[in-house]
Each structure stands twice: as structure tokens, then as C-alpha cells.
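What follows is one structure encoded as C-alpha cells, with my remarks underneath.
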Amino acid sequence: MSPAHTLPTIVSDPAVVDALRTDLAAVGYTVEGVEALWGADAAAALHRGNRTAAVRAARGRVTEALLPRYTLAGLFLLGLRQPLDHVRAALPTVGVEALVRAGLVRLEDPVVLPEALADRSDPERIRSLTEPDVVPQVDLRPYAFVDDLGAGSWWIVSDLGELALGTALGEEHVLGIGGATTTLSGLQVPVPVRRVLDLGTGCGIQAMHARRFADAVVATDISVRALDIARFNAALNGIDGIEFRLGSLFEPVAGERFDRIVSNPPFVITPRSEGVPSYEYRDGGMVGDALVETVLRGLADHLEPGGTAQLLGNWEYRWGTDGLDRVRSWFEDTDPAGQGLDAWVVERERQDPAAYAETWIRDGGTKPGTEAFDRLVGAWLDDFADRKVTGVGFGYVVVRRPRSGGATHLRRFERVPEVLGSNPAGLGATVARVLDAAEWLGVHDDDALAAAHLRVAGDVTEERFYWPGNDDPTVMTLVQGGGFGRRVDADTALAAFVGACDGDLSVAAIIGAIAQITGADEGALTADLLPRARDLVLDGLLLVD
């Protein structure tokens, strides 16, 4: 990294943070406010790494009244230097000098052509041309979300990305908001608890989300810079109750237990060879998927009875060994009797070794077609070949420690590559329902299930397909509108059973009525429908009334 890109120390001065918050709010520096500067198409282009569309679109939209907002968006979001007088006008409360001391910006001499200074008849013009420019040291962008408590918005500081730097990322880079951010925040169970651990907090956004449902949060990271930025973000958004600790994995919380653990750990599989960048935000310094294995094996020692964990992770497929079977073994080797943790692993994507390497090399800012890119691809493929890796899976891991004296009720390892259902507030509520359903099913045998009263979830519909001219459907499918968007093939018996589940009759009474109407053997029908009813309860298509 060149000297111009030396990472500054981020300082959380309460007076500076409060003043900055006031100025950001005053100019309307929100997600909606920023999009109003250049429109949805340009915003989409910016998401793809193209800021030219935003700059061009803003020219026809930015009025004098909007100039302060555009100045901040251009500085912190587009990564473009801005005139000092414009930034001063946009930040009258905090002032530019305070942001320099906080490490958010720096002053740099402007680039001025000699002919522009030839006419010195206008001293004010000369002064404006020779004043320093304000150059961003960090990315600072608005962020909006919806969870079970409602809509919210924050401002999030992180390190400048490849677009602003114009070069590959530094190894100490602190990542900001991305797809994994929203995935994990949406997975967090929206149930109030006492203490939460955010393992590997990065810019702190997961800890901030966790604090909405927790009395206190402990956020750890191996990076001093990440903790500085996370601390600044919490202060900027007026969020207290988060304790920041330095250290690797569970070391900073040795001997402590939590009601919830959330983590987007540095799980990216990276060759341990010379010349391969080791980014702190994504590389845990271990071989293969050992980092994820280490985290999962350590959960039991740090969860309170009834406590849960929601994580993201990668796992390797090796020649002759299924990736999900490897993850299953990490739980079973630690807990062979099945008495320790409920575990639910959902694989959302699988990549072959070459595609995985290309994804993460580009993520670091190295461009395809360059000598450096080809060299790094070779290093990744050599590393995978050493372990006979045939693919890498990515997905969600949900864990619960049973309540005191309880046994495990859920060991589920599945692939769900399909599009999920509609979940504006994320999957957290679905995760909570599945865990509760698994616990209920685990302590209710078939006789108890038969006596239960079930009702169809409100987001469940039924699809029917017919051959032309036929009155009877050839295909029937139960469709879950929210959650994981499950699609369950149904025959006549199951469709009739689910349709009758309105909470009034017991499962046994419904099955008996179907048997009487259809002439089917009630015992055989019971044996057929009870296991399928269990699956529907677990997946949330049927609810215990």
C-alpha cells in the first residue's frame, strides 16, 4: 500500500461523534436521500463498482440545496476528493479539522493547472483554487434495515474499497456492508436475551443489530483497527451496551457463556503460501476450513442452556467425502452421544475450486487477466489439490444448546439452493420457530402428536396442475410464502389433511375423518401422515395451535 493510503487511527471523541451525527442528519444523508441524488439505476451501477453513472446522473439532479448532501456522498460513498469550502458548508457543526483528527479525512493539495493561476485579479478565486482538497480516509455510508422491532437506519464507517483506492485492498482492510452483512443480521433470532457475543465483529454492525435484542453485547476481534471502527460506529449511532475486546476467536471470553452467539468468522479458505495476501477481515490464518471447524467445536463451551448461535461458514468437499458430512462430524466427534447441541446447517451455494478462487481473488481487488491474478489462482488450486478438495460449500449454521437436562432434538444438514420465501425482516423469526418446533416435536411422541391441534401457517398456499379436460389434479404442491420457501409435494390425503388443520380438530380426528370419507385404512393412513405432519411442523407449514 502506498504512503497515501496508510490507514489512519480512528478516534472516537464523543464531542466529534455527536457533532458529526448532527451534520449527517441535517443534510439528509440517508439511503433514500442519497438515491435521490442520482436515481435507482445509478445506485445499481454503483453497487456493481461503477461510480461514473452516479456522477453523471447527479449533474442534472443536484441543486444548491442538495449540494451539501452530494458533497458528503461524493466524499465518503464515491470516494472522490471534494473542495474544502464545500465540505465545510456540509459539516458546519463538526468541522473538517475535527474529522482530520478523528482519522476520517485528510487534507491534500489540489491539482491546479498553471494557466488557471495566471489571472490573479480575483483573490477569492485564487484562494479557492489553492485551498486544500478534502480526501476521504474511510467509507461512511447510510444503511437502512427492517427487523422485528421495525425499520431502522444507521451510518456505517469502514475502510475504503477498491473503487475509491484504485488498487487492491490492504491486508488490514475492515469490511463494511455487504451481502454477508444482511444475511447474518437477518439470521439473528429476534428474541430478547441478556448477553450476546459477536465473534469477529469487524466494523461492528452485527453487534449493533444484536444489541436491539440484548441487554449487553460483547464484540471481539483480532484487529485493533476493526475494534476502533466498530467502537466509532456504535458511538455514531448512539448505541451503548457493547463491550469491545481484542483477541482471537474465544480467547477474549474464556470461561464465559452467552445466551446468543453470532459470527461471520473469517472463513475464507486461503492458501498458506508466500505471496498470497492474508486479509484480516476474511482469513483466519488456518488451513482449509479449520477455522469454521474450530468455531463450531467451541460453541458448546460458551452457550448458556437454551442459548443459540447463528453463523456463516464455508466447508470443503473432498474426494469421496461430502461437505455436509464433514460438518456433521464436527458436531458428532465433539458430542458422540448427541447430548450437547442442536445443529441445523443449510448449504446455500457450492462452488468448484476454480470458481471459489476467482471469487475471493477478485474480492481482494486483483483483476482477472493480470499476472498477479493468474499466480494467485495457481496458488489456490495447488492448495485445494493438496487436500483433494472437489468443491466448497457456503451457508448458514444454527446451533442451540438444550435447556438444562434436555437432550438434543435437531440434527439437520440440508441443501437449499432455491430462492427463499419473502422475509422482509430476515430469517431470524423462521429460525426461532424451527428451533421451538424441534424442541416441541422432540418431547411429543406420535400419540401426543395425534392428540395435538394444528393449524396451517398463514403464508401457506396450494398449487394444483391439471391435464387439459381432467377434473382431478395431476400435481399438488404446498408452497410456503415466507421462511425458506419450502415446496412440498402432496397427494390427496396430505392435501386434505393440511386443508383441515384449522385448530379445531385433533390430528387423530382429522385422519379418522379422511379415512371414513375415502374408505382408506385408518391405521395405514395414520402411519403415512404422522411423519409428514412432523416434517410440516418442523418446517413451519403447520403450527401447533
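Quick note on naming: the chains in the C-alpha cells go A, B, ... in the order shown, residues restart at 1 in each chain, and ligands are numbered from 1 in order of appearance.
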Counting only C-alpha atoms, which residues of stretch 141-232 of chain A fall within 12 Å of stretch 366-378 of chain A, and what is the closest atom pair for each with its distance in Å at one decimal, ordered by chain and rising number, as CSV?
```
residue,atom,partner,partner_atom,distance
A:Glu162,CA,A:Thr366,CA,9.3
A:Leu163,CA,A:Thr366,CA,11.9
A:Gly166,CA,A:Thr366,CA,10.7
A:Thr167,CA,A:Thr366,CA,8.0
A:Ala168,CA,A:Thr366,CA,5.8
A:Leu169,CA,A:Thr366,CA,8.6
A:Gly170,CA,A:Thr366,CA,11.3
```
Have a look at atom CA of A:Val94 and atom CA of A:Ala19 and let me know their distance in Å, one decimal.
4.7 Å
Pick from A:Asp447, A:Glu35, A:Asp539, A:Glu462: nearest to A:Ala527, with only C-alpha atoms counted?
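That would be A:Asp447, the residue with the smallest distance to A:Ala527.
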Would you please give, as a PyMOL selection string, all residues of stretch 62-166 of chain A that DSSP assigns to strand (DSSP E or B) based on the backbone?
chain A and resi 82-83+105-108+133-136+138-147+150-159
Can you tell me which residues surround A:Val399 at a distance of at most 8 Å, considering only C-alpha atoms, apart from same-chain residues fewer than 3 positions away, and format the answer as a ChimeraX atom specification?
/A:308-310,341-344
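Among the candidate residues A:Glu243, A:Leu435, A:Leu505, A:Leu199, the one lying nearest to A:Val217 is A:Glu243, with distances computed using only C-alpha atoms.
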Could you give me, as a PyMOL selection string, each residue of stretch 97-288 of chain A that DSSP assigns to alpha helix (DSSP H) when run on this structure's backbone?
chain A and resi 97-102+123-130+162-165+179-187+205-211+224-236
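Near stretch 436-438 of chain A, within 8 Å and counting only C-alpha atoms, sit A:His409, A:Leu410, A:Val537, A:Leu538, A:Gly540, not including residues fewer than 6 positions from it in the same chain.
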Near stretch 484-501 of chain A, counting only C-alpha atoms, which residues have an atom at most 9 Å away, once you skip same-chain residues fewer than 6 positions from it, shown as number ranges by chain?
A: 416, 418-423, 427, 430, 453-456, 462, 475-478, 507, 510-511, 514-515, 518, 525, 529, 532-533, 536, 539, 541-542
Those selected residues, please, written with C-alpha atoms and delivered as a short mmCIF file (atom, residue, chain, number, x, y, z; two decimals), in the first residue's frame.
```
data_model
loop_
_atom_site.label_atom_id
_atom_site.label_comp_id
_atom_site.auth_asym_id
_atom_site.auth_seq_id
_atom_site.Cartn_x
_atom_site.Cartn_y
_atom_site.Cartn_z
CA VAL A 416 -31.43 -25.24 -0.03
CA GLU A 418 -33.53 -22.36 -4.27
CA VAL A 419 -34.83 -18.83 -3.88
CA LEU A 420 -36.11 -18.27 -0.36
CA GLY A 421 -39.56 -17.02 0.60
CA SER A 422 -40.45 -13.40 1.29
CA ASN A 423 -38.73 -12.31 4.52
CA LEU A 427 -34.95 -15.30 8.53
CA THR A 430 -38.16 -18.52 11.00
CA HIS A 453 -54.40 -29.44 17.33
CA LEU A 454 -52.55 -27.98 14.34
CA ARG A 455 -53.29 -25.06 12.04
CA VAL A 456 -51.93 -24.04 8.68
CA GLU A 462 -51.54 -24.85 -2.52
CA VAL A 475 -49.69 -32.42 -9.31
CA MET A 476 -50.38 -30.78 -5.94
CA THR A 477 -47.76 -28.73 -4.10
CA LEU A 478 -47.86 -26.99 -0.73
CA VAL A 507 -54.67 -34.66 14.23
CA ILE A 510 -58.78 -35.31 11.03
CA ILE A 511 -57.10 -38.54 9.94
CA ILE A 514 -60.32 -38.61 5.95
CA ALA A 515 -60.23 -42.41 6.33
CA THR A 518 -62.09 -42.09 1.38
CA LEU A 525 -53.27 -43.55 6.85
CA LEU A 529 -49.48 -38.90 7.59
CA ARG A 532 -45.22 -35.98 7.15
CA ALA A 533 -47.08 -33.88 9.70
CA LEU A 536 -44.52 -29.83 8.15
CA ASP A 539 -40.63 -26.50 8.56
CA LEU A 541 -46.08 -25.00 7.30
CA LEU A 542 -48.16 -26.34 10.20
#
```
One number please: atom CA of A:Phe258 to atom CA of A:Gly307, in Å, one decimal.
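If I compute the distance from atom CA of A:Phe258 to atom CA of A:Gly307, I get 6.8 Å.
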Using only C-alpha atoms: which of A:Arg195, A:Arg56, A:Arg88, A:Arg260 has the shortest distance to A:Val398:
A:Arg260
